[in-house]
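Structure file run_8.cif; described as mmCIF, C-alpha atoms and all ligand atoms.
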```cif
data_structure
#
loop_
_atom_site.label_atom_id
_atom_site.label_comp_id
_atom_site.auth_asym_id
_atom_site.auth_seq_id
_atom_site.Cartn_x
_atom_site.Cartn_y
_atom_site.Cartn_z
CA MET A 1 50.85 -63.62 194.17
CA ALA A 2 52.10 -62.05 197.41
CA LYS A 3 50.28 -62.09 200.73
CA TYR A 4 49.68 -58.73 202.38
CA LEU A 5 48.42 -57.91 205.82
CA ILE A 6 46.97 -54.43 206.01
CA THR A 7 46.46 -53.18 209.56
CA GLY A 8 43.73 -50.58 209.77
CA ALA A 9 42.35 -51.91 206.49
CA ALA A 10 38.88 -50.47 207.05
CA GLY A 11 40.27 -46.99 207.56
CA PHE A 12 40.88 -44.29 204.99
CA ILE A 13 44.37 -45.15 203.76
CA GLY A 14 44.12 -48.85 204.63
CA SER A 15 40.98 -49.33 202.57
CA TRP A 16 42.54 -47.65 199.55
CA LEU A 17 45.46 -50.04 199.82
CA ALA A 18 43.11 -53.00 200.18
CA HIS A 19 41.09 -52.07 197.09
CA THR A 20 44.22 -51.46 195.02
CA LEU A 21 45.95 -54.70 196.00
CA VAL A 22 42.81 -56.81 195.49
CA GLU A 23 42.33 -55.25 192.05
CA GLN A 24 45.94 -56.20 191.25
CA GLY A 25 45.16 -59.81 192.17
CA GLU A 26 47.14 -59.91 195.40
CA GLN A 27 46.01 -61.77 198.52
CA VAL A 28 44.91 -59.39 201.24
CA ARG A 29 44.28 -60.02 204.90
CA ALA A 30 42.46 -57.03 206.33
CA LEU A 31 42.73 -56.34 210.05
CA ASP A 32 40.70 -53.66 211.79
CA ASN A 33 39.19 -53.09 215.23
CA PHE A 34 36.43 -50.93 213.68
CA ILE A 35 36.86 -48.15 216.22
CA THR A 36 37.51 -45.55 213.55
CA GLY A 37 37.49 -47.88 210.53
CA GLN A 38 34.25 -48.72 208.72
CA ARG A 39 33.15 -51.93 206.98
CA GLN A 40 31.54 -49.70 204.38
CA ASN A 41 35.02 -48.76 203.16
CA LEU A 42 35.59 -52.34 202.00
CA VAL A 43 32.33 -52.75 200.12
CA GLY A 44 33.11 -54.20 196.69
CA ILE A 45 35.99 -56.35 197.92
CA LEU A 46 34.52 -57.93 201.05
CA ASP A 47 34.29 -61.32 199.32
CA ARG A 48 37.91 -61.11 198.20
CA VAL A 49 39.70 -60.18 201.44
CA ASP A 50 40.37 -62.23 204.52
CA LEU A 51 38.68 -59.76 206.86
CA ARG A 52 39.55 -60.10 210.52
CA GLU A 53 38.19 -58.05 213.34
CA GLY A 54 41.16 -57.61 215.63
CA ASP A 55 43.24 -55.10 217.48
CA ILE A 56 46.95 -54.36 217.25
CA ARG A 57 46.89 -53.75 221.00
CA ASN A 58 46.18 -57.45 221.41
CA GLN A 59 49.35 -59.50 220.84
CA ASP A 60 47.45 -62.70 220.09
CA GLU A 61 45.26 -61.06 217.47
CA ILE A 62 48.09 -59.33 215.65
CA GLY A 63 50.23 -62.46 216.05
CA ALA A 64 47.63 -64.61 214.31
CA ALA A 65 47.10 -61.96 211.63
CA CYS A 66 50.80 -61.89 210.69
CA GLU A 67 51.11 -65.64 210.23
CA GLY A 68 51.88 -66.63 206.65
CA MET A 69 52.17 -63.03 205.41
CA ASP A 70 54.88 -61.72 203.07
CA TYR A 71 54.30 -58.02 203.69
CA VAL A 72 52.66 -55.91 206.36
CA LEU A 73 51.35 -52.44 205.52
CA HIS A 74 50.93 -50.99 208.99
CA GLN A 75 48.28 -48.27 208.73
CA ALA A 76 46.36 -48.90 211.95
CA ALA A 77 46.60 -45.96 214.34
CA LEU A 78 44.48 -43.65 216.41
CA PRO A 79 45.10 -40.44 214.47
CA SER A 80 44.68 -36.74 215.17
CA VAL A 81 46.94 -34.27 216.90
CA PRO A 82 44.09 -32.66 218.91
CA ARG A 83 42.75 -36.05 220.05
CA SER A 84 46.21 -36.91 221.38
CA VAL A 85 46.43 -33.55 223.16
CA LYS A 86 43.02 -33.97 224.78
CA ASP A 87 43.43 -37.60 225.78
CA PRO A 88 46.95 -38.96 225.16
CA GLU A 89 46.59 -42.43 226.66
CA PRO A 90 44.43 -44.19 224.02
CA SER A 91 46.55 -42.96 221.14
CA HIS A 92 49.73 -43.79 223.05
CA THR A 93 48.52 -47.36 223.48
CA SER A 94 47.44 -47.84 219.88
CA ASN A 95 50.26 -45.95 218.22
CA ILE A 96 53.24 -47.02 220.32
CA ASP A 97 52.28 -50.31 222.00
CA GLY A 98 50.28 -51.36 218.94
CA THR A 99 53.17 -50.64 216.60
CA PHE A 100 55.53 -52.57 218.83
CA ASN A 101 53.13 -55.53 218.75
CA VAL A 102 53.00 -55.38 214.95
CA LEU A 103 56.78 -55.49 214.74
CA GLU A 104 57.11 -58.34 217.19
CA ALA A 105 54.42 -60.33 215.41
CA ALA A 106 56.03 -59.65 212.01
CA ARG A 107 59.44 -60.72 213.29
CA GLN A 108 58.11 -63.93 214.78
CA ALA A 109 56.10 -64.75 211.66
CA GLY A 110 59.09 -64.19 209.35
CA VAL A 111 57.42 -61.39 207.40
CA LYS A 112 59.64 -60.06 204.59
CA ARG A 113 58.95 -56.35 204.98
CA VAL A 114 56.89 -53.93 207.07
CA VAL A 115 55.88 -50.56 205.62
CA TYR A 116 54.84 -48.08 208.29
CA ALA A 117 52.54 -45.06 208.18
CA ALA A 118 54.71 -42.39 209.77
CA SER A 119 53.75 -38.74 210.07
CA SER A 120 55.05 -35.36 208.92
CA SER A 121 54.16 -34.08 212.39
CA ALA A 122 57.61 -35.37 213.43
CA TYR A 123 59.23 -32.20 212.06
CA GLY A 124 57.40 -29.78 214.38
CA ASN A 125 58.10 -26.07 214.03
CA GLN A 126 61.84 -26.02 213.42
CA PRO A 127 63.23 -23.60 210.83
CA GLY A 128 64.07 -24.78 207.32
CA PHE A 129 61.86 -25.61 204.37
CA PRO A 130 61.30 -27.89 202.64
CA ARG A 131 61.48 -30.60 205.29
CA VAL A 132 64.23 -33.13 204.63
CA GLU A 133 64.44 -36.53 206.32
CA THR A 134 67.87 -35.71 207.75
CA MET A 135 66.42 -32.94 209.97
CA VAL A 136 66.30 -33.75 213.65
CA PRO A 137 62.65 -34.34 214.61
CA GLN A 138 61.01 -31.88 217.01
CA PRO A 139 57.60 -33.32 217.82
CA LEU A 140 55.08 -30.88 219.32
CA SER A 141 52.22 -33.17 220.32
CA PRO A 142 51.72 -36.61 221.86
CA TYR A 143 50.60 -37.83 218.41
CA ALA A 144 53.85 -36.66 216.83
CA VAL A 145 55.88 -38.36 219.57
CA GLN A 146 53.92 -41.57 219.13
CA LYS A 147 54.38 -41.72 215.38
CA LEU A 148 58.05 -40.87 215.71
CA THR A 149 58.51 -43.59 218.32
CA GLY A 150 57.06 -46.02 215.81
CA GLU A 151 59.70 -44.94 213.30
CA LEU A 152 62.48 -45.50 215.81
CA TYR A 153 61.13 -48.96 216.55
CA MET A 154 60.91 -49.72 212.81
CA GLN A 155 64.52 -48.68 212.26
CA THR A 156 65.67 -50.59 215.31
CA TYR A 157 63.99 -53.81 214.16
CA TRP A 158 65.89 -53.50 210.90
CA ARG A 159 69.22 -52.88 212.62
CA VAL A 160 68.85 -55.45 215.38
CA TYR A 161 66.78 -58.22 213.82
CA GLY A 162 67.22 -57.60 210.09
CA LEU A 163 63.46 -57.20 209.63
CA GLU A 164 63.09 -54.97 206.56
CA THR A 165 61.12 -51.90 207.54
CA VAL A 166 60.29 -48.73 205.62
CA CYS A 167 58.80 -45.59 207.17
CA LEU A 168 56.66 -43.35 205.00
CA ARG A 169 56.14 -39.93 206.53
CA TYR A 170 52.73 -38.97 205.22
CA PHE A 171 52.05 -35.27 204.73
CA ASN A 172 48.32 -34.52 205.26
CA ILE A 173 46.83 -37.20 203.04
CA PHE A 174 43.32 -36.43 201.79
CA GLY A 175 40.75 -37.97 199.46
CA PRO A 176 37.56 -40.02 199.30
CA ARG A 177 36.64 -42.16 202.33
CA GLN A 178 38.31 -39.95 204.94
CA VAL A 179 35.92 -39.67 207.89
CA PRO A 180 34.32 -36.20 207.55
CA ASP A 181 32.08 -35.89 210.59
CA SER A 182 34.28 -36.38 213.64
CA PRO A 183 35.75 -33.45 215.59
CA TYR A 184 39.06 -35.17 214.82
CA SER A 185 38.52 -35.44 211.07
CA GLY A 186 41.18 -34.12 208.71
CA VAL A 187 40.45 -30.57 207.71
CA MET A 188 39.71 -31.28 204.06
CA ALA A 189 36.97 -33.85 204.67
CA ARG A 190 35.56 -31.75 207.50
CA PHE A 191 35.32 -28.54 205.47
CA ILE A 192 33.79 -30.33 202.47
CA LEU A 193 31.04 -31.92 204.55
CA GLN A 194 30.33 -28.66 206.37
CA MET A 195 30.09 -26.76 203.08
CA LEU A 196 27.80 -29.43 201.61
CA ARG A 197 25.55 -29.05 204.65
CA GLY A 198 25.59 -25.27 204.41
CA GLU A 199 27.41 -24.98 207.74
CA GLN A 200 30.12 -22.38 208.25
CA PRO A 201 33.54 -24.01 208.78
CA THR A 202 35.92 -22.71 211.45
CA ILE A 203 39.56 -22.03 210.71
CA PHE A 204 41.73 -22.44 213.80
CA GLY A 205 44.22 -19.55 213.91
CA ASP A 206 44.70 -17.01 211.14
CA GLY A 207 44.44 -19.56 208.32
CA GLU A 208 47.90 -18.72 207.06
CA GLN A 209 49.28 -22.04 208.31
CA GLY A 210 50.45 -24.11 205.36
CA ARG A 211 50.17 -27.80 204.59
CA ASP A 212 51.63 -30.06 201.93
CA PHE A 213 48.24 -31.62 201.19
CA THR A 214 48.71 -34.92 199.40
CA TYR A 215 46.14 -36.88 197.44
CA ILE A 216 45.54 -40.44 198.62
CA GLN A 217 46.73 -42.02 195.36
CA SER A 218 50.24 -40.83 196.14
CA ALA A 219 50.24 -42.61 199.50
CA VAL A 220 48.98 -45.79 197.83
CA ASP A 221 51.66 -45.63 195.13
CA ALA A 222 54.35 -45.02 197.73
CA ASN A 223 53.37 -48.09 199.74
CA LEU A 224 53.40 -50.36 196.71
CA GLN A 225 56.71 -48.97 195.51
CA ALA A 226 58.24 -49.27 198.99
CA VAL A 227 57.29 -52.95 199.06
CA GLN A 228 58.91 -53.64 195.70
CA ALA A 229 62.11 -51.58 196.03
CA PRO A 230 65.41 -53.36 196.68
CA ALA A 231 66.15 -53.60 200.41
CA ALA A 232 69.46 -51.80 199.94
CA GLN A 233 67.55 -48.69 198.89
CA VAL A 234 64.81 -48.61 201.48
CA ALA A 235 65.27 -50.88 204.48
CA GLY A 236 65.57 -49.05 207.79
CA GLN A 237 64.89 -45.71 206.12
CA VAL A 238 62.41 -42.87 206.41
CA PHE A 239 60.85 -41.13 203.39
CA ASN A 240 58.67 -38.05 203.03
CA ILE A 241 55.49 -38.82 201.10
CA ALA A 242 53.95 -35.57 199.96
CA CYS A 243 52.98 -33.50 196.98
CA GLY A 244 55.87 -31.08 197.37
CA GLU A 245 53.69 -27.92 197.48
CA ARG A 246 52.50 -25.77 200.36
CA HIS A 247 48.95 -24.41 200.44
CA THR A 248 47.55 -22.24 203.21
CA LEU A 249 44.28 -23.07 204.88
CA ASN A 250 42.78 -19.77 203.68
CA GLU A 251 43.70 -20.65 200.11
CA THR A 252 42.35 -24.21 200.50
CA TYR A 253 39.11 -22.86 201.92
CA ASP A 254 38.65 -20.60 198.89
CA VAL A 255 39.29 -23.41 196.40
CA LEU A 256 36.82 -25.70 198.20
CA ALA A 257 34.20 -22.95 198.47
CA LYS A 258 34.48 -22.34 194.73
CA LEU A 259 34.23 -26.03 193.86
CA LEU A 260 31.20 -26.39 196.13
CA ASP A 261 29.58 -23.08 195.20
CA PHE A 262 29.65 -22.10 198.87
CA HIS A 263 29.39 -18.39 199.58
CA GLN A 264 29.87 -17.94 203.32
CA PRO A 265 33.22 -16.78 204.68
CA ALA A 266 35.05 -18.93 207.22
CA GLN A 267 34.78 -18.12 210.88
CA TYR A 268 38.03 -17.95 212.81
CA GLY A 269 38.79 -19.54 216.18
CA PRO A 270 41.84 -19.81 218.43
CA PRO A 271 44.80 -21.85 217.13
CA ARG A 272 44.86 -25.52 218.15
CA ALA A 273 47.30 -26.70 220.80
CA GLY A 274 50.04 -28.86 219.29
CA ASP A 275 49.40 -27.55 215.76
CA VAL A 276 52.34 -27.33 213.39
CA ARG A 277 52.51 -23.92 211.70
CA ASP A 278 53.91 -24.89 208.32
CA SER A 279 54.59 -28.01 206.39
CA LEU A 280 56.30 -28.59 203.06
CA ALA A 281 58.26 -31.66 202.02
CA ASP A 282 61.32 -32.39 199.98
CA ILE A 283 60.32 -35.60 198.18
CA SER A 284 63.59 -36.25 196.39
CA ALA A 285 64.63 -39.13 198.66
CA ALA A 286 61.52 -41.18 197.84
CA ARG A 287 61.90 -40.28 194.16
CA ALA A 288 65.49 -41.53 194.12
CA ALA A 289 64.89 -44.66 196.21
CA PHE A 290 61.75 -46.02 194.56
CA GLY A 291 60.60 -43.69 191.82
CA TYR A 292 57.91 -41.98 193.89
CA ASP A 293 56.07 -39.43 191.78
CA PRO A 294 52.89 -37.70 192.97
CA LYS A 295 50.78 -37.76 189.83
CA ILE A 296 47.57 -36.16 191.09
CA SER A 297 47.96 -32.44 191.74
CA PHE A 298 46.48 -30.60 194.72
CA GLU A 299 43.74 -29.09 192.52
CA GLU A 300 42.87 -32.36 190.78
CA GLY A 301 42.86 -34.16 194.15
CA LEU A 302 40.47 -31.56 195.52
CA ARG A 303 38.16 -31.93 192.53
CA ARG A 304 38.04 -35.71 192.88
CA THR A 305 37.50 -35.51 196.61
CA VAL A 306 34.74 -32.92 196.38
CA GLU A 307 32.99 -34.98 193.67
CA TRP A 308 33.09 -38.09 195.82
CA TYR A 309 31.69 -36.40 198.93
CA ARG A 310 29.07 -34.65 196.85
CA SER A 311 27.89 -37.98 195.41
CA GLN A 312 27.84 -39.60 198.87
CA TYR A 313 26.01 -36.68 200.41
CA THR A 314 23.44 -36.53 197.63
CA ALA A 315 22.88 -40.29 197.84
CA ALA A 316 22.52 -40.08 201.63
CA ASN A 317 19.94 -37.32 201.31
CA GLU A 318 18.02 -39.39 198.81
CA GLY A 319 18.17 -42.35 201.17
CA THR A 320 20.29 -44.48 198.86
CA GLY A 321 23.78 -43.75 200.14
CA VAL A 322 25.76 -44.23 203.30
C1 LIG B 401 48.80 -33.91 211.23
C2 LIG B 401 49.98 -34.24 210.33
C3 LIG B 401 49.51 -35.20 209.24
C4 LIG B 401 48.84 -36.40 209.85
C5 LIG B 401 47.67 -35.97 210.72
C6 LIG B 401 47.01 -37.15 211.40
C7 LIG B 401 51.30 -32.17 210.38
C8 LIG B 401 51.82 -31.04 209.59
N1 LIG B 401 50.49 -33.02 209.72
O1 LIG B 401 47.86 -33.22 210.45
O2 LIG B 401 50.62 -35.57 208.46
O3 LIG B 401 48.39 -37.20 208.83
O4 LIG B 401 48.17 -35.09 211.72
O5 LIG B 401 45.92 -36.76 212.16
O6 LIG B 401 51.58 -32.32 211.54
N2 LIG B 401 41.84 -27.05 211.07
C9 LIG B 401 40.93 -25.99 211.04
N3 LIG B 401 39.61 -26.28 211.19
C10 LIG B 401 39.13 -27.55 211.37
C11 LIG B 401 40.06 -28.62 211.38
C12 LIG B 401 41.41 -28.34 211.24
O7 LIG B 401 41.33 -24.85 210.90
O8 LIG B 401 37.91 -27.71 211.50
C13 LIG B 401 43.27 -26.75 210.87
C14 LIG B 401 44.19 -27.31 211.94
O9 LIG B 401 44.28 -26.44 213.05
C15 LIG B 401 45.49 -27.43 211.15
C16 LIG B 401 45.04 -27.74 209.72
O10 LIG B 401 43.68 -27.37 209.66
O11 LIG B 401 46.21 -26.21 211.16
C17 LIG B 401 45.16 -29.21 209.37
O12 LIG B 401 44.56 -29.96 210.40
P1 LIG B 401 44.30 -31.53 210.28
O13 LIG B 401 43.63 -31.83 209.00
O14 LIG B 401 43.67 -31.98 211.54
O15 LIG B 401 45.75 -32.13 210.12
P2 LIG B 401 47.16 -31.86 210.88
O16 LIG B 401 46.98 -31.80 212.34
O17 LIG B 401 47.88 -30.77 210.17
#
```
Mind converting the file's structure to structure tokens?
Ligand code: UD1
Amino acid sequence: MAKYLITGAAGFIGSWLAHTLVEQGEQVRALDNFITGQRQNLVGILDRVDLREGDIRNQDEIGAACEGMDYVLHQAALPSVPRSVKDPEPSHTSNIDGTFNVLEAARQAGVKRVVYAASSSAYGNQPGFPRVETMVPQPLSPYAVQKLTGELYMQTYWRVYGLETVCLRYFNIFGPRQVPDSPYSGVMARFILQMLRGEQPTIFGDGEQGRDFTYIQSAVDANLQAVQAPAAQVAGQVFNIACGERHTLNETYDVLAKLLDFHQPAQYGPPRAGDVRDSLADISAARAAFGYDPKISFEEGLRRTVEWYRSQYTAANEGTGV
């Protein structure tokens, strides 16, 4: 039985990892500062994780959390491109300083491997699709710079200290438990909640921007595979984690509206500062290195996600849910 520290374990991706590892019988230490993470996300496994309220910005707290761990799945971050544009300092501190603290703590604790939640935003708006890891990054927003800086630190800790690190560049991960009601929520969760409430969603720009929307199960699988893969195939490397398909926002809106029996058209607003126009990944590197294979399609992912939010929303309205 291996010992895993999950940073950001009460968040969307972190909590999926926590549930999966606990169900597989692994030992999980769950660290979260509960700023964007929610205890509710760990219901069902709270008695089986070593839950610690702590912050990666605090060296002592992350230092203590890393002690005795085999693997660190570093998911803690202050996400959102627009949040970083509006107020760059808090995300800078969490995403760059926090990531540095995680690496230092992991190195000092003798952790075997760190897997890092990197971001597809690194690619920016350069020409050439699909995106391949060998492209030179062109970040467009503070968030993209922060996540990319984390990658560079990860790779440097491998080269300089021999700490095995793997960077997974997530492409717009969606699914149950993503926060739906913040102005900084991912578009999928936000649109689903708005449609359930009968509110008219706003598409920023013309809606023809494309995303490689990726169901959460694929991100979970990638993390577990990246932990198990031989170091020679993954250490110090960066991998796209995506579905490998591009869907426009207009198209996504229509699919969601159909699934939710929602009949209002979208309203359109100005494009968001720092927004990437298009996103589509080449996932062959992850396939070759650790057998990554996105099993849940875009459509099936949407169905599962809509069903989950519908059940939560119905339960909440009946006073039995969250
Ligand atoms: C970016 C990254 C993603 C990362 C995420 C973290 C890219 C291509 N993707 O996602 O990998 O996980 O940051 O925060 O850089 N939108 C609307 N209406 C809304 C909300 C959003 O039209 O109410 C639009 C946005 O303008 C954008 C698209 O939907 O064009 C997706 O937005 P969002 O879900 O916030 O994710 P990204 O910023 O693309």
So that each row is one residue of chain A with an atom at most 8 Å from ligand LIG 401 (chain B), can you give its shortest atom pair and the distance in Å to one decimal, using only C-alpha atoms and all ligand atoms, rows by chain and rising number, as CSV?
```
residue,atom,partner,partner_atom,distance
A:Pro79,CA,B:LIG401,O5,4.4
A:Ser80,CA,B:LIG401,O5,3.3
A:Val81,CA,B:LIG401,O16,5.2
A:Pro82,CA,B:LIG401,O16,7.2
A:Ser119,CA,B:LIG401,O2,4.7
A:Ser120,CA,B:LIG401,O2,4.5
A:Ser121,CA,B:LIG401,O6,3.2
A:Ala122,CA,B:LIG401,O6,7.0
A:Tyr123,CA,B:LIG401,O6,7.7
A:Gly124,CA,B:LIG401,O6,7.0
A:Tyr143,CA,B:LIG401,O4,7.6
A:Ala144,CA,B:LIG401,O6,7.2
A:Arg169,CA,B:LIG401,O2,7.3
A:Tyr170,CA,B:LIG401,O2,5.1
A:Phe171,CA,B:LIG401,O2,4.0
A:Asn172,CA,B:LIG401,O2,4.1
A:Ile173,CA,B:LIG401,O3,6.0
A:Pro183,CA,B:LIG401,O8,7.4
A:Tyr184,CA,B:LIG401,O14,6.5
A:Ser185,CA,B:LIG401,O14,6.2
A:Gly186,CA,B:LIG401,O13,3.4
A:Val187,CA,B:LIG401,O13,3.7
A:Met188,CA,B:LIG401,O13,6.3
A:Arg190,CA,B:LIG401,O8,6.2
A:Phe191,CA,B:LIG401,O8,6.6
A:Pro201,CA,B:LIG401,O8,6.3
A:Thr202,CA,B:LIG401,N3,5.1
A:Ile203,CA,B:LIG401,O7,3.3
A:Phe204,CA,B:LIG401,O7,3.8
A:Gly205,CA,B:LIG401,O7,6.7
A:Gly207,CA,B:LIG401,O7,6.7
A:Gln209,CA,B:LIG401,O11,5.9
A:Gly210,CA,B:LIG401,O11,7.5
A:Arg211,CA,B:LIG401,C8,6.2
A:Asp212,CA,B:LIG401,C8,7.7
A:Leu249,CA,B:LIG401,O10,6.5
A:Tyr268,CA,B:LIG401,O7,7.9
A:Gly269,CA,B:LIG401,O7,7.9
A:Pro271,CA,B:LIG401,O9,6.2
A:Arg272,CA,B:LIG401,O9,5.2
A:Asp275,CA,B:LIG401,O11,5.8
A:Val276,CA,B:LIG401,C8,5.3
A:Arg277,CA,B:LIG401,O11,6.7
A:Asp278,CA,B:LIG401,C8,6.6
A:Ser279,CA,B:LIG401,C8,5.2
```
Exercise for the section: Grab the CA of Leu163 (chain A) to CA of Gln228 (chain A) distance for me, in Å with one decimal place. Expected result: 15.1 Å
Fill in the blank from the handout: Judged by only C-alpha atoms, the minimum distance to Ala231 (chain A) among A:Gln126, A:Gln178, A:Gln200, A:Thr165 is found for A:Thr165
Exercise for the section: Could you tell me which of A:Leu193, A:Ala273, A:Ala235, A:Ala226 comes closest to Ala257 (chain A) if we count all atoms listed in the file? Expected result: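 So, comparing all the options, the nearest one is A:Leu193.
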Handout entry: Residue neighbourhood region 293-297 of chain A, 9 Å, all atoms listed in the file, exclusion window fewer than 3 positions, as a ChimeraX atom specification
Key = /A:214-219,221-222,241-244,283,286-287,300-302
Exercise for the section: Could you tell me how far CA of Ala288 (chain A) lies from CA of Gln233 (chain A), in Å and to one decimal? Expected result: 8.8 Å
Problem - Selected residue of minimal separation from Leu168 (chain A) among A:Asn240, A:Leu152, A:Asp261, A:Thr99, counting all atoms listed in the file - result: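 Nearest candidate to Leu168 (chain A) out of A:Asn240, A:Leu152, A:Asp261, A:Thr99: A:Asn240.
For Asn58 (chain A), the set of protein, DNA and RNA residues having any atom at most 10 Å away, when counting only C-alpha atoms and skipping those fewer than 2 positions along the same chain, is Gly54, Asp55, Ile56, Asp60, Glu61, Ile62, Gly63, Ser94, Asp97, Gly98, Asn101 and Val102 of chain A.
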Exercise for the section: For the point (56.0, -43.7, 214.8) in the file's frame, write as number ranges by chain all residues with an atom no more than 9 Å away, counting all atoms listed in the file. Expected result: A: 95-96, 99, 116-119, 122, 143-154, 167
For the residues in the current selection, export C-alpha atoms as a CSV table (one decimal), keeping the file's coordinate frame.
```
chain,number,residue,atom,x,y,z
A,95,ASN,CA,50.3,-46.0,218.2
A,96,ILE,CA,53.2,-47.0,220.3
A,99,THR,CA,53.2,-50.6,216.6
A,116,TYR,CA,54.8,-48.1,208.3
A,117,ALA,CA,52.5,-45.1,208.2
A,118,ALA,CA,54.7,-42.4,209.8
A,119,SER,CA,53.8,-38.7,210.1
A,122,ALA,CA,57.6,-35.4,213.4
A,143,TYR,CA,50.6,-37.8,218.4
A,144,ALA,CA,53.8,-36.7,216.8
A,145,VAL,CA,55.9,-38.4,219.6
A,146,GLN,CA,53.9,-41.6,219.1
A,147,LYS,CA,54.4,-41.7,215.4
A,148,LEU,CA,58.0,-40.9,215.7
A,149,THR,CA,58.5,-43.6,218.3
A,150,GLY,CA,57.1,-46.0,215.8
A,151,GLU,CA,59.7,-44.9,213.3
A,152,LEU,CA,62.5,-45.5,215.8
A,153,TYR,CA,61.1,-49.0,216.6
A,154,MET,CA,60.9,-49.7,212.8
A,167,CYS,CA,58.8,-45.6,207.2
```
Between region 206-274 of chain A and region 306-321 of chain A, at 9 Å or less, what are the per-residue closest atom pairs and their distances in Å? Count all atoms listed in the file, order by chain and rising residue number, and return it as a Markdown table.
```
| residue | atom | partner | partner_atom | distance |
| --- | --- | --- | --- | --- |
| A:Leu256 | CA | A:Val306 | CA | 7.7 |
| A:Leu259 | CA | A:Val306 | CA | 7.4 |
| A:Leu260 | CA | A:Val306 | CA | 7.4 |
```
